[in-house]
>>> print(open('input-v4.csv').read())   # CSV, C-alpha atoms
chain,number,residue,atom,x,y,z
A,801,MET,CA,-25.2,69.5,-92.4
A,802,SER,CA,-28.3,71.5,-92.8
A,803,GLY,CA,-30.1,68.7,-94.6
A,804,ARG,CA,-29.4,66.1,-92.0
A,805,ARG,CA,-30.6,68.5,-89.3
A,806,ALA,CA,-33.8,69.1,-91.2
A,807,ARG,CA,-34.4,65.4,-91.4
A,808,ARG,CA,-33.8,64.9,-87.7
A,809,ARG,CA,-36.3,67.4,-86.6
A,810,PRO,CA,-39.4,65.5,-87.9
A,811,LEU,CA,-38.1,62.3,-86.4
A,812,PHE,CA,-37.5,64.0,-83.0
A,813,ALA,CA,-40.9,65.6,-83.1
A,814,PHE,CA,-42.5,62.3,-83.9
A,815,ALA,CA,-40.7,60.5,-81.1
A,816,LEU,CA,-41.7,63.3,-78.7
A,817,ALA,CA,-45.3,63.1,-79.8
A,818,ALA,CA,-45.3,59.3,-79.3
A,819,VAL,CA,-43.8,59.7,-75.8
A,820,LEU,CA,-46.4,62.3,-74.9
A,821,LEU,CA,-49.2,60.1,-76.4
A,822,VAL,CA,-48.1,57.1,-74.4
A,823,GLY,CA,-47.9,59.3,-71.3
A,824,VAL,CA,-51.4,60.6,-71.8
A,825,ILE,CA,-52.8,57.1,-72.4
A,826,GLY,CA,-51.0,55.9,-69.3
A,827,ALA,CA,-52.4,58.8,-67.3
A,828,LEU,CA,-55.9,58.2,-68.5
A,829,ALA,CA,-55.5,54.5,-67.7
A,830,ALA,CA,-54.2,55.3,-64.3
A,831,ARG,CA,-57.0,57.7,-63.7
A,832,ARG,CA,-59.6,55.1,-64.7
A,833,TRP,CA,-58.0,52.6,-62.4
A,834,TRP,CA,-57.9,55.1,-59.6
A,835,ASP,CA,-61.5,56.1,-60.0
A,836,ARG,CA,-62.6,52.5,-60.2
A,837,ALA,CA,-60.5,51.4,-57.3
A,838,LEU,CA,-62.0,54.1,-55.1
A,839,GLY,CA,-65.6,53.5,-56.3
A,840,PRO,CA,-68.2,51.4,-54.6
A,841,PRO,CA,-67.6,47.6,-54.8
A,842,ASP,CA,-69.9,45.5,-57.0
A,843,ARG,CA,-72.2,44.3,-54.3
A,844,SER,CA,-75.8,44.8,-53.1
A,845,GLY,CA,-78.0,43.7,-50.3
A,846,ALA,CA,-77.3,43.8,-46.6
A,847,ALA,CA,-74.7,46.1,-45.1
A,848,LEU,CA,-71.3,44.7,-44.1
A,849,VAL,CA,-70.3,44.7,-40.4
A,850,VAL,CA,-66.6,45.2,-40.0
A,851,GLU,CA,-64.7,45.3,-36.7
A,852,VAL,CA,-61.7,47.6,-36.6
A,853,PRO,CA,-59.4,46.3,-33.8
A,854,ARG,CA,-57.8,48.7,-31.4
A,855,GLY,CA,-54.1,49.2,-32.3
A,856,ALA,CA,-54.4,47.7,-35.8
A,857,THR,CA,-52.2,49.3,-38.5
A,858,PHE,CA,-53.9,51.1,-41.4
A,859,GLY,CA,-52.6,48.5,-43.9
A,860,ALA,CA,-54.1,45.7,-41.9
A,861,VAL,CA,-57.4,47.5,-41.7
A,862,ALA,CA,-57.4,48.2,-45.5
A,863,ALA,CA,-56.6,44.6,-46.2
A,864,GLN,CA,-59.5,43.5,-44.0
A,865,LEU,CA,-61.9,45.9,-45.7
A,866,GLU,CA,-60.9,44.6,-49.1
A,867,ALA,CA,-61.2,41.0,-48.1
A,868,GLY,CA,-64.7,41.7,-46.6
A,869,GLY,CA,-65.9,43.5,-49.8
A,870,ALA,CA,-66.2,46.9,-48.2
A,871,ILE,CA,-63.7,48.5,-50.6
A,872,ARG,CA,-62.3,47.5,-54.0
A,873,SER,CA,-58.6,48.0,-53.4
A,874,ALA,CA,-56.6,48.1,-50.2
A,875,ARG,CA,-53.7,49.7,-52.0
A,876,ALA,CA,-55.8,52.6,-53.4
A,877,PHE,CA,-57.5,53.0,-50.0
A,878,THR,CA,-54.1,53.3,-48.3
A,879,TRP,CA,-52.9,55.8,-50.9
A,880,LEU,CA,-56.0,57.9,-50.5
A,881,ALA,CA,-55.6,58.0,-46.8
A,882,ARG,CA,-52.0,59.1,-47.1
A,883,LEU,CA,-52.8,61.8,-49.7
A,884,GLU,CA,-55.5,63.2,-47.3
A,885,LYS,CA,-53.2,62.7,-44.3
A,886,LYS,CA,-55.8,60.5,-42.5
A,887,ASP,CA,-53.9,57.2,-42.3
A,888,GLY,CA,-53.2,57.8,-38.6
A,889,SER,CA,-56.7,58.8,-37.6
A,890,LEU,CA,-58.7,55.6,-37.6
A,891,HIS,CA,-61.1,54.9,-34.7
A,892,ALA,CA,-61.4,51.4,-33.4
A,893,GLY,CA,-64.9,49.9,-33.2
A,894,GLU,CA,-67.6,48.1,-35.1
A,895,TYR,CA,-68.8,49.6,-38.3
A,896,GLU,CA,-71.8,48.9,-40.5
A,897,ILE,CA,-71.0,49.7,-44.1
A,898,ALA,CA,-73.9,49.9,-46.5
A,899,ALA,CA,-73.8,48.8,-50.1
A,900,GLY,CA,-72.9,51.5,-52.5
A,901,ARG,CA,-70.3,53.3,-50.3
A,902,SER,CA,-67.2,54.6,-52.0
A,903,ALA,CA,-63.8,54.3,-50.5
A,904,ARG,CA,-63.8,58.0,-49.6
A,905,GLU,CA,-67.1,57.5,-47.7
A,906,VAL,CA,-65.7,54.5,-45.9
A,907,LEU,CA,-62.6,56.4,-44.9
A,908,SER,CA,-64.7,59.3,-43.5
A,909,MET,CA,-66.7,56.8,-41.4
A,910,LEU,CA,-63.6,55.3,-39.9
A,911,VAL,CA,-61.9,58.7,-39.3
A,912,GLU,CA,-65.0,60.3,-37.8
A,913,GLY,CA,-65.7,57.2,-35.6
A,914,ARG,CA,-69.2,56.7,-36.9
A,915,VAL,CA,-69.4,53.3,-35.3
A,916,ARG,CA,-72.4,50.9,-35.3
A,917,LEU,CA,-74.7,51.5,-32.4
A,918,HIS,CA,-76.8,48.9,-30.6
A,919,ALA,CA,-80.1,49.8,-28.9
A,920,VAL,CA,-81.4,48.9,-25.5
A,921,ALA,CA,-85.0,49.8,-24.7
A,922,ILE,CA,-85.8,50.6,-21.0
A,923,PRO,CA,-89.6,50.9,-20.5
A,924,GLU,CA,-91.2,53.0,-17.7
A,925,GLY,CA,-91.8,51.5,-14.3
A,926,LEU,CA,-88.9,49.0,-14.1
A,927,ARG,CA,-86.8,48.5,-10.9
A,928,ILE,CA,-83.0,48.5,-10.8
A,929,GLU,CA,-82.7,44.7,-11.1
A,930,GLU,CA,-85.2,44.6,-14.0
A,931,ILE,CA,-83.2,47.2,-15.9
A,932,ALA,CA,-80.0,45.4,-15.1
A,933,ARG,CA,-81.2,42.3,-16.8
A,934,ARG,CA,-82.3,44.2,-19.9
A,935,VAL,CA,-79.0,46.0,-20.2
A,936,ALA,CA,-77.0,42.8,-19.8
A,937,ASP,CA,-79.2,41.0,-22.4
A,938,ALA,CA,-78.3,43.8,-24.8
A,939,GLY,CA,-74.6,43.1,-24.3
A,940,PHE,CA,-73.6,45.9,-22.0
A,941,GLY,CA,-72.0,44.4,-18.9
A,942,SER,CA,-73.4,42.0,-16.4
A,943,PRO,CA,-76.6,42.4,-14.2
A,944,GLU,CA,-74.4,42.3,-11.1
A,945,GLU,CA,-72.2,45.1,-12.4
A,946,PHE,CA,-75.2,47.3,-13.1
A,947,SER,CA,-77.0,46.6,-9.8
A,948,ALA,CA,-73.9,47.1,-7.7
A,949,LEU,CA,-73.2,50.5,-9.3
A,950,ALA,CA,-76.9,51.6,-9.2
A,951,ARG,CA,-76.9,50.8,-5.5
A,952,ASP,CA,-73.6,52.4,-4.6
A,953,PRO,CA,-74.3,55.4,-2.3
A,954,ALA,CA,-70.9,57.0,-3.3
A,955,PHE,CA,-71.7,56.8,-7.0
A,956,ALA,CA,-75.2,58.3,-6.3
A,957,LYS,CA,-73.6,61.1,-4.4
A,958,GLU,CA,-71.0,61.7,-7.1
A,959,HIS,CA,-73.8,62.3,-9.6
A,960,GLY,CA,-75.9,64.6,-7.3
A,961,ILE,CA,-78.6,62.1,-6.6
A,962,PRO,CA,-80.4,62.8,-3.3
A,963,ALA,CA,-80.6,59.2,-2.3
A,964,ALA,CA,-78.5,56.1,-1.4
A,965,THR,CA,-79.4,54.4,-4.7
A,966,LEU,CA,-80.3,55.4,-8.2
A,967,GLU,CA,-83.8,53.9,-8.0
A,968,GLY,CA,-86.1,56.4,-9.6
A,969,TYR,CA,-83.4,58.3,-11.5
A,970,LEU,CA,-82.6,55.7,-14.2
A,971,PHE,CA,-84.6,57.4,-16.9
A,972,PRO,CA,-86.6,55.1,-19.2
A,973,GLU,CA,-85.7,55.6,-22.9
A,974,THR,CA,-84.3,53.7,-25.9
A,975,TYR,CA,-80.5,54.2,-25.7
A,976,ARG,CA,-77.9,53.4,-28.3
A,977,PHE,CA,-74.3,52.5,-27.6
A,978,GLU,CA,-71.3,51.2,-29.4
A,979,ARG,CA,-70.3,47.6,-29.0
A,980,GLY,CA,-68.3,47.1,-25.8
A,981,ALA,CA,-70.0,49.8,-23.7
A,982,ASP,CA,-70.3,48.8,-20.1
A,983,ALA,CA,-73.0,49.2,-17.4
A,984,ARG,CA,-71.5,52.5,-16.2
A,985,ALA,CA,-71.9,54.0,-19.7
A,986,VAL,CA,-75.6,53.0,-19.7
A,987,ILE,CA,-76.3,54.4,-16.2
A,988,GLU,CA,-74.6,57.7,-16.9
A,989,ALA,CA,-76.6,58.1,-20.1
A,990,GLN,CA,-79.8,57.4,-18.1
A,991,LEU,CA,-78.8,59.9,-15.4
A,992,SER,CA,-78.0,62.5,-18.0
A,993,GLN,CA,-81.4,62.0,-19.7
A,994,PHE,CA,-83.1,62.3,-16.3
A,995,GLU,CA,-81.4,65.6,-15.6
A,996,ARG,CA,-82.4,67.0,-19.0
A,997,THR,CA,-86.0,66.0,-18.3
A,998,TRP,CA,-86.0,67.3,-14.8
A,999,SER,CA,-84.4,70.7,-15.8
A,1000,GLU,CA,-87.6,71.3,-17.9
A,1001,LEU,CA,-89.9,70.4,-15.0
A,1002,GLU,CA,-87.9,71.9,-12.1
A,1003,PRO,CA,-89.3,75.5,-12.4
A,1004,LEU,CA,-92.9,74.2,-12.1
A,1005,ALA,CA,-91.9,71.9,-9.2
A,1006,ARG,CA,-90.1,74.8,-7.4
A,1007,ALA,CA,-93.2,77.0,-7.9
A,1008,ARG,CA,-95.3,74.4,-6.3
A,1009,GLY,CA,-92.9,73.7,-3.4
A,1010,ILE,CA,-92.1,70.1,-4.5
A,1011,ASP,CA,-88.4,69.1,-4.4
A,1012,LYS,CA,-86.8,66.6,-6.7
A,1013,ARG,CA,-86.8,63.7,-4.3
A,1014,ASP,CA,-90.5,63.9,-3.4
A,1015,ALA,CA,-91.4,64.4,-7.1
A,1016,VAL,CA,-89.5,61.2,-8.1
A,1017,ILE,CA,-91.0,59.2,-5.3
A,1018,LEU,CA,-94.5,60.3,-6.1
A,1019,ALA,CA,-93.9,59.8,-9.8
A,1020,SER,CA,-92.8,56.2,-9.2
A,1021,LEU,CA,-96.0,55.5,-7.3
A,1022,ILE,CA,-98.1,57.0,-10.2
A,1023,GLU,CA,-96.1,54.9,-12.7
A,1024,LYS,CA,-96.8,51.7,-10.9
A,1025,GLU,CA,-100.5,52.4,-10.3
A,1026,THR,CA,-101.6,53.1,-13.9
A,1027,GLY,CA,-100.5,52.7,-17.4
A,1028,ALA,CA,-103.4,54.8,-18.8
A,1029,PRO,CA,-101.9,58.2,-19.7
A,1030,ALA,CA,-105.1,60.2,-19.0
A,1031,GLU,CA,-105.2,58.8,-15.4
A,1032,ARG,CA,-101.8,59.9,-14.3
A,1033,PRO,CA,-102.9,63.4,-13.2
A,1034,LEU,CA,-105.9,61.9,-11.4
A,1035,ILE,CA,-103.8,59.4,-9.5
A,1036,SER,CA,-101.5,62.2,-8.6
A,1037,ALA,CA,-104.5,64.3,-7.4
A,1038,VAL,CA,-105.6,61.4,-5.1
A,1039,PHE,CA,-102.2,61.2,-3.5
A,1040,HIS,CA,-101.8,64.9,-3.1
A,1041,ASN,CA,-105.3,65.1,-1.6
A,1042,ARG,CA,-104.6,62.3,0.9
A,1043,ILE,CA,-101.3,63.8,2.0
A,1044,ALA,CA,-102.9,67.2,2.5
A,1045,LYS,CA,-105.6,65.6,4.7
A,1046,GLY,CA,-103.2,63.4,6.6
A,1047,ILE,CA,-104.6,60.2,5.1
A,1048,ARG,CA,-102.2,57.3,4.5
A,1049,LEU,CA,-101.6,56.6,0.8
A,1050,GLU,CA,-102.4,52.8,1.1
A,1051,THR,CA,-100.9,52.0,-2.3
A,1052,ASP,CA,-100.2,48.3,-2.9
A,1053,PRO,CA,-97.1,48.7,-5.3
A,1054,ALA,CA,-95.2,50.5,-2.5
A,1055,VAL,CA,-95.9,47.6,-0.1
A,1056,ILE,CA,-94.8,45.1,-2.7
A,1057,TYR,CA,-91.6,47.0,-3.2
A,1058,GLY,CA,-90.7,46.5,0.4
A,1059,ILE,CA,-91.4,42.7,0.5
A,1060,ALA,CA,-88.3,40.6,-0.1
A,1061,ASN,CA,-88.8,37.8,-2.7
A,1062,PHE,CA,-92.5,38.8,-3.3
A,1063,ASP,CA,-94.3,35.8,-4.8
A,1064,GLY,CA,-97.1,37.7,-6.4
A,1065,ASN,CA,-99.7,37.2,-3.6
A,1066,LEU,CA,-100.3,40.3,-1.5
A,1067,THR,CA,-101.8,39.2,1.8
A,1068,ARG,CA,-103.4,40.9,4.8
A,1069,ALA,CA,-100.3,40.0,6.8
A,1070,HIS,CA,-98.3,42.0,4.3
A,1071,LEU,CA,-100.6,45.0,4.7
A,1072,GLU,CA,-100.3,44.8,8.5
A,1073,ASP,CA,-96.5,44.4,8.5
A,1074,GLY,CA,-95.2,47.4,10.5
A,1075,GLY,CA,-91.6,46.4,9.8
A,1076,ASN,CA,-91.9,47.1,6.1
A,1077,PRO,CA,-90.8,50.8,5.6
A,1078,TYR,CA,-92.6,50.9,2.3
A,1079,ASN,CA,-95.9,49.8,3.9
A,1080,THR,CA,-98.1,52.8,3.1
A,1081,TYR,CA,-101.0,51.2,4.9
A,1082,ARG,CA,-99.0,51.7,8.1
A,1083,ILE,CA,-96.8,54.7,7.5
A,1084,ALA,CA,-98.0,58.3,6.8
A,1085,GLY,CA,-96.9,60.3,3.8
A,1086,LEU,CA,-94.5,59.1,1.0
A,1087,PRO,CA,-92.4,56.0,1.3
A,1088,PRO,CA,-88.7,56.5,2.0
A,1089,GLY,CA,-87.7,56.3,-1.6
A,1090,PRO,CA,-88.9,55.6,-5.2
A,1091,ILE,CA,-90.3,52.2,-6.0
A,1092,ALA,CA,-89.5,52.2,-9.7
A,1093,ASN,CA,-88.0,54.4,-12.4
A,1094,PRO,CA,-90.7,56.7,-13.8
A,1095,GLY,CA,-90.9,58.4,-17.2
A,1096,ALA,CA,-91.5,62.0,-18.1
A,1097,ALA,CA,-95.3,61.8,-18.1
A,1098,SER,CA,-95.4,60.5,-14.5
A,1099,LEU,CA,-92.9,63.1,-13.4
A,1100,ARG,CA,-95.0,65.8,-14.9
A,1101,ALA,CA,-98.2,64.4,-13.3
A,1102,ALA,CA,-96.5,64.2,-9.9
A,1103,ILE,CA,-96.0,68.0,-9.9
A,1104,SER,CA,-99.1,68.8,-11.9
A,1105,PRO,CA,-102.0,66.9,-10.4
A,1106,ALA,CA,-105.4,67.2,-12.0
A,1107,PRO,CA,-106.9,70.5,-10.8
A,1108,GLY,CA,-110.3,70.9,-9.2
A,1109,VAL,CA,-110.8,67.3,-8.1
A,1110,ASP,CA,-111.4,66.1,-4.6
A,1111,TYR,CA,-110.9,62.4,-5.2
A,1112,LEU,CA,-109.5,60.4,-2.3
A,1113,PHE,CA,-109.9,56.8,-3.6
A,1114,PHE,CA,-109.5,54.7,-6.7
A,1115,VAL,CA,-110.0,51.1,-7.5
A,1116,SER,CA,-109.1,49.1,-10.6
A,1117,ARG,CA,-111.9,48.3,-13.1
A,1118,GLY,CA,-109.9,45.3,-14.3
A,1119,ASP,CA,-109.4,46.7,-17.8
A,1120,GLY,CA,-106.3,48.9,-17.1
A,1121,THR,CA,-108.4,51.9,-15.9
A,1122,HIS,CA,-109.7,53.0,-12.4
A,1123,ALA,CA,-112.9,54.2,-10.9
A,1124,PHE,CA,-112.3,57.3,-8.8
A,1125,SER,CA,-114.3,58.4,-5.7
A,1126,SER,CA,-114.4,61.3,-3.3
A,1127,ALA,CA,-116.3,59.6,-0.5
A,1128,TYR,CA,-115.5,56.3,1.2
A,1129,SER,CA,-119.1,55.1,0.6
A,1130,GLU,CA,-118.7,55.6,-3.1
A,1131,HIS,CA,-115.4,53.8,-3.0
A,1132,LEU,CA,-117.0,50.8,-1.3
A,1133,ARG,CA,-119.6,50.6,-4.0
A,1134,ALA,CA,-116.9,50.7,-6.6
A,1135,VAL,CA,-115.0,47.9,-4.8
A,1136,ARG,CA,-118.1,45.8,-4.7
A,1137,ARG,CA,-118.8,46.4,-8.4
A,1138,TYR,CA,-115.3,46.0,-9.9
A,1139,GLN,CA,-113.4,43.8,-7.4
A,1140,LEU,CA,-116.1,41.7,-5.8
A,1141,ARG,CA,-118.5,41.8,-8.9
A,1142,ARG,CA,-121.5,42.3,-6.7
A,1143,GLY,CA,-124.0,44.6,-8.3
A,1144,PRO,CA,-123.8,47.6,-10.6
>>> encode(input="input-v4.csv", output="structure tokens")
Amino acid sequence: MSGRRARRRPLFAFALAAVLLVGVIGALAARRWWDRALGPPDRSGAALVVEVPRGATFGAVAAQLEAGGAIRSARAFTWLARLEKKDGSLHAGEYEIAAGRSAREVLSMLVEGRVRLHAVAIPEGLRIEEIARRVADAGFGSPEEFSALARDPAFAKEHGIPAATLEGYLFPETYRFERGADARAVIEAQLSQFERTWSELEPLARARGIDKRDAVILASLIEKETGAPAERPLISAVFHNRIAKGIRLETDPAVIYGIANFDGNLTRAHLEDGGNPYNTYRIAGLPPGPIANPGAASLRAAISPAPGVDYLFFVSRGDGTHAFSSAYSEHLRAVRRYQLRRGP
């Protein structure tokens, strides 16, 4: 009996070692498969754009990602999500997945909702309808939707805007939104950016006795009168000086704003039209509302005019800049020189 038992022990030990070896080899193979399955796919070049539909199951999303080449294995991706308890946390949306992303990185993107953002650039000095077209062209709603909301007095009141429309308060900036954002999202982002900008300027405006409404109106006039940064405080000084002396502003952009279907030709009849509430050749002081949506530089200029200047007039030189004058006789000479081209 003892001999047979002795012979069995080496056989048992050998069999156990063989089983363990097979297990180790299997574990190593499984580990290699796991690491490879979760590694970056073999691709290079442009990023992949993947749309994760709202309400889609995790398995369907994983299969879509594998089919699109964003991950190596939908099965490994699903197991990873279950192990990390993230298979119920995906955010719907459009994702841009760069080459070289691992499955873990892709999963983090989807769980955190790092969706692809699309830009819309809003330059300074545009009117509501002009902004509406840009926003619609970028894929965020329709021009009609944007304009209707921007001209809704109840919506303006809801957002604390001291006017019947949002003209003047749609802050110019480059904004980024996820696909599917609507006009309301764009407008609310613009209003938020305006309030952030105004909060920095408000202490200075309050110290100078200028309220938000007047600052925005004046900034809109400055924005439309010049695109030269250095001139903004000078244009502001002219307007401040004229208001202080009771002189009408006589600014063409304001008149144009009040003309329905303006054809580009400003006539004497337009300047004499007393029915145009924006006709600053006929009314005293500021027009009844902003005529465009100004940027931060014009807002700052509106409350910080150039100090120590007594200019009351300016005329375009035809090169984007203006000639400034304190006396009407100087102004007439500048008009002859730059507008009528009659003499030095």
>>> residues_around(input="input-v4.csv", residues="Asn1093 (chain A)", least_positions_apart="3", cutoff="8 Å", atoms="only C-alpha atoms", output="list in words")
Glu924, Gly925, Leu926, Arg927, Ile928, Glu967, Gly968, Tyr969, Leu970, Phe971, Pro972, Ser1020 and Pro1090 of chain A
>>> residues_around(input="input-v4.csv", residues="region 845-862 of chain A", least_positions_apart="6", cutoff="7 Å", atoms="only C-alpha atoms", output="ChimeraX atom specification")
/A:870,874,877-878,887,892-899
>>> write_last_selection(input="input-v4.csv", atoms="C-alpha atoms", output="mmCIF file, keeping the file's coordinate frame")
data_model
loop_
_atom_site.group_PDB
_atom_site.id
_atom_site.type_symbol
_atom_site.label_atom_id
_atom_site.label_comp_id
_atom_site.auth_asym_id
_atom_site.auth_seq_id
_atom_site.Cartn_x
_atom_site.Cartn_y
_atom_site.Cartn_z
ATOM 1 C CA ALA A 870 -66.200 46.900 -48.200
ATOM 2 C CA ALA A 874 -56.600 48.100 -50.200
ATOM 3 C CA PHE A 877 -57.500 53.000 -50.000
ATOM 4 C CA THR A 878 -54.100 53.300 -48.300
ATOM 5 C CA ASP A 887 -53.900 57.200 -42.300
ATOM 6 C CA ALA A 892 -61.400 51.400 -33.400
ATOM 7 C CA GLY A 893 -64.900 49.900 -33.200
ATOM 8 C CA GLU A 894 -67.600 48.100 -35.100
ATOM 9 C CA TYR A 895 -68.800 49.600 -38.300
ATOM 10 C CA GLU A 896 -71.800 48.900 -40.500
ATOM 11 C CA ILE A 897 -71.000 49.700 -44.100
ATOM 12 C CA ALA A 898 -73.900 49.900 -46.500
ATOM 13 C CA ALA A 899 -73.800 48.800 -50.100
#
>>> residues_around(input="input-v4.csv", residues="Val1038 (chain A)", least_positions_apart="5", cutoff="10 Å", atoms="only C-alpha atoms", output="PyMOL selection string")
chain A and resi 1033+1043-1044+1049+1105-1106+1109-1114+1124-1126
>>> residues_around(input="input-v4.csv", residues="Thr965 (chain A)", least_positions_apart="5", cutoff="8 Å", atoms="only C-alpha atoms", output="list in words")
Ala950, Arg951, Asp952, Pro953 and Ala956 of chain A
>>> atom_distance(input="input-v4.csv", atom1="CA of Gly1074 (chain A)", atom2="CA of Leu1140 (chain A)")
27.1 Å
>>> atom_distance(input="input-v4.csv", atom1="CA of Gly1064 (chain A)", atom2="CA of Asp1052 (chain A)")
11.6 Å
>>> residues_around(input="input-v4.csv", residues="Glu912 (chain A)", least_positions_apart="2", cutoff="12 Å", atoms="all atoms listed in the file", output="MDAnalysis selection string")
chainID A and resid 886 889:893 895 905:910 914:915
>>> atom_distance(input="input-v4.csv", atom1="CA of Pro1087 (chain A)", atom2="CA of Ala1054 (chain A)")
7.2 Å
>>> closest_residue(input="input-v4.csv", among="A:Ile1091, A:Ala981, A:Val986, A:Ala1097", to="Ser1036 (chain A)", atoms="only C-alpha atoms")
A:Ala1097
>>> closest_residue(input="input-v4.csv", among="A:Arg1082, A:Ala1096, A:Ser902, A:Ala948", to="Arg996 (chain A)", atoms="only C-alpha atoms")
A:Ala1096
>>> closest_residue(input="input-v4.csv", among="A:Ala1084, A:Ala932, A:Leu1004, A:Phe994", to="Ser1104 (chain A)", atoms="all atoms listed in the file")
A:Leu1004
>>> closest_residue(input="input-v4.csv", among="A:Leu1132, A:Ala1015, A:Leu865, A:Val1115", to="Pro1094 (chain A)", atoms="all atoms listed in the file")
A:Ala1015
>>> closest_residue(input="input-v4.csv", among="A:Arg1133, A:Arg1013, A:Lys885, A:Arg843", to="Trp998 (chain A)", atoms="only C-alpha atoms")
A:Arg1013
